[in-house]
Amino acid sequence: MGDPYRLVERLPTLEEYTRICVDVGWGDIVNFDAARTSLPASRCAFVAELGDDAVGMGRVVGDGAIYFYVQDVAVLHAHQGRGLGGRILGALVDWVGRNAPEQAFVGLFAAVGTEGFYRRFGFEAHTGMTGMFQVTPRPR
Ligand SMILES: CC(C)(COP(=O)(O)OP(=O)(O)OC[C@H]1O[C@@H](n2cnc3c(N)ncnc32)[C@H](O)[C@@H]1OP(=O)(O)O)[C@@H](O)C(=O)NCCC(=O)NCCS
């Protein structure tokens, strides 16, 4: 049987984005109101489709010149372990290779346990550099 999945270069809709985020446990982390503005500001995005359903996604954000960040790589639980995450990440890395100038910085945050997944695509933790972040508070 052929590959039932299709990888399409497009943004996830807000509904697709929300469904995938909730499925992988990001439901309480992501500000879905802000996602309305964030998604169209992406530099590129890919969606893995099965029939009419979006089952995986990933995108690149950044200034489009020097700084690029891989963001929101996620596959619905029911479809994990079938190579989709790798296909999505590979497509994003290819896109950066075709569109970023030399010496561009391509960053991401790897969830604990996913470091090996990203290493295969050329990402490394660098000694002497620690990725750090903060999250703006919610209003009380
Ligand atoms: C991480 C994620 C996108 C991988 O998607 P996937 O479709 O299951 O990945 P693939 O099937 O392409 O797997 C690629 C390889 O990475 C490995 N891998 C996948 N998920 C992994 C994980 N969480 N930890 C370590 N290795 C992982 C697989 O074992 C596979 O190796 P193999 O080819 O030797 O079997 C998916 O597990 C996911 O959505 N997780 C929840 C969201 C998340 O944590 N995203 C990363 C944000 S930093």
# chains A, B, ... in the order shown; residues from 1 in each chain; ligands from 1

$ residues_near_ligand --ligand "ligand 1" --cutoff "8 Å" --atoms "only C-alpha atoms and all ligand atoms" --output "PyMOL selection string"
chain A and resi 21+24-25+56+71-77+79-88+108-118

$ select_by_dssp --residues "chain A" --states "helix (DSSP H, G or I)" --output "ChimeraX atom specification"
/A:14-23,32-41,77-79,84-99,115-119

$ write_last_selection --atoms "C-alpha atoms" --output "PDB file, in the first residue's frame"
ATOM      1  CA  LEU A  14      -6.309  27.916  13.707  1.00  0.00           C
ATOM      2  CA  GLU A  15      -8.614  24.941  14.287  1.00  0.00           C
ATOM      3  CA  GLU A  16      -6.024  22.438  13.061  1.00  0.00           C
ATOM      4  CA  TYR A  17      -3.298  24.144  15.064  1.00  0.00           C
ATOM      5  CA  THR A  18      -5.413  24.094  18.208  1.00  0.00           C
ATOM      6  CA  ARG A  19      -6.379  20.452  17.809  1.00  0.00           C
ATOM      7  CA  ILE A  20      -2.797  19.285  17.313  1.00  0.00           C
ATOM      8  CA  CYS A  21      -1.469  21.434  20.178  1.00  0.00           C
ATOM      9  CA  VAL A  22      -4.122  20.100  22.546  1.00  0.00           C
ATOM     10  CA  ASP A  23      -3.466  16.522  21.451  1.00  0.00           C
ATOM     11  CA  PHE A  32      -4.624  30.471  20.970  1.00  0.00           C
ATOM     12  CA  ASP A  33      -5.920  34.042  20.590  1.00  0.00           C
ATOM     13  CA  ALA A  34      -2.377  35.166  19.804  1.00  0.00           C
ATOM     14  CA  ALA A  35      -1.967  32.201  17.439  1.00  0.00           C
ATOM     15  CA  ARG A  36      -4.442  33.941  15.139  1.00  0.00           C
ATOM     16  CA  THR A  37      -1.768  36.576  14.492  1.00  0.00           C
ATOM     17  CA  SER A  38       1.235  34.316  14.975  1.00  0.00           C
ATOM     18  CA  LEU A  39       0.395  31.699  12.338  1.00  0.00           C
ATOM     19  CA  PRO A  40       0.229  34.070   9.350  1.00  0.00           C
ATOM     20  CA  ALA A  41       3.501  35.659  10.500  1.00  0.00           C
ATOM     21  CA  HIS A  77      -0.385  10.906  19.075  1.00  0.00           C
ATOM     22  CA  ALA A  78      -2.266   8.427  16.913  1.00  0.00           C
ATOM     23  CA  HIS A  79       0.078   9.119  13.986  1.00  0.00           C
ATOM     24  CA  LEU A  84       5.894  12.142   9.880  1.00  0.00           C
ATOM     25  CA  GLY A  85       7.838  14.234  12.389  1.00  0.00           C
ATOM     26  CA  GLY A  86      11.020  13.523  10.461  1.00  0.00           C
ATOM     27  CA  ARG A  87       9.384  14.425   7.164  1.00  0.00           C
ATOM     28  CA  ILE A  88       8.055  17.687   8.576  1.00  0.00           C
ATOM     29  CA  LEU A  89      11.375  18.649  10.156  1.00  0.00           C
ATOM     30  CA  GLY A  90      13.244  17.661   6.999  1.00  0.00           C
ATOM     31  CA  ALA A  91      10.973  19.877   4.906  1.00  0.00           C
ATOM     32  CA  LEU A  92      11.510  22.816   7.277  1.00  0.00           C
ATOM     33  CA  VAL A  93      15.288  22.370   7.247  1.00  0.00           C
ATOM     34  CA  ASP A  94      15.236  22.133   3.427  1.00  0.00           C
ATOM     35  CA  TRP A  95      13.189  25.310   3.272  1.00  0.00           C
ATOM     36  CA  VAL A  96      15.731  27.115   5.452  1.00  0.00           C
ATOM     37  CA  GLY A  97      18.551  25.754   3.273  1.00  0.00           C
ATOM     38  CA  ARG A  98      16.878  27.204   0.187  1.00  0.00           C
ATOM     39  CA  ASN A  99      15.820  30.515   1.698  1.00  0.00           C
ATOM     40  CA  GLU A 115      17.206  15.859  21.281  1.00  0.00           C
ATOM     41  CA  GLY A 116      18.084  12.784  19.213  1.00  0.00           C
ATOM     42  CA  PHE A 117      15.239  13.521  16.826  1.00  0.00           C
ATOM     43  CA  TYR A 118      16.646  17.012  16.129  1.00  0.00           C
ATOM     44  CA  ARG A 119      20.296  15.942  16.091  1.00  0.00           C
TER      45      ARG A 119
END

$ select_by_dssp --residues "segment 6-133 of chain A" --states "strand (DSSP E or B)" --output "ChimeraX atom specification"
/A:6-9,44-50,53-62,67-75,105-107

$ atom_distance --atom1 "atom CA of Tyr69 of chain A" --atom2 "atom CA of Asp52 of chain A"
27.9 Å

$ closest_residue --among "A:Val30, A:Val8, A:Cys44, A:Met1" --to "Asp63 of chain A" --atoms "only C-alpha atoms"
A:Cys44

$ residues_around --residues "Val70 of chain A" --least-positions-apart "6" --cutoff "8 Å" --atoms "only C-alpha atoms" --output "list in words"
Gly58, Arg59, Val60, Val61, Leu92, Val106, Gly107 and Leu108 of chain A

$ residues_around --residues "Ala104 of chain A" --least-positions-apart "2" --cutoff "8 Å" --atoms "only C-alpha atoms" --output "list of chain:residue names"
A:Ala65, A:Ile66, A:Tyr67, A:Phe68, A:Ala100, A:Pro101, A:Glu102, A:Val106

$ atom_distance --atom1 "atom CA of Tyr5 of chain A" --atom2 "atom CA of Leu50 of chain A"
5.0 Å
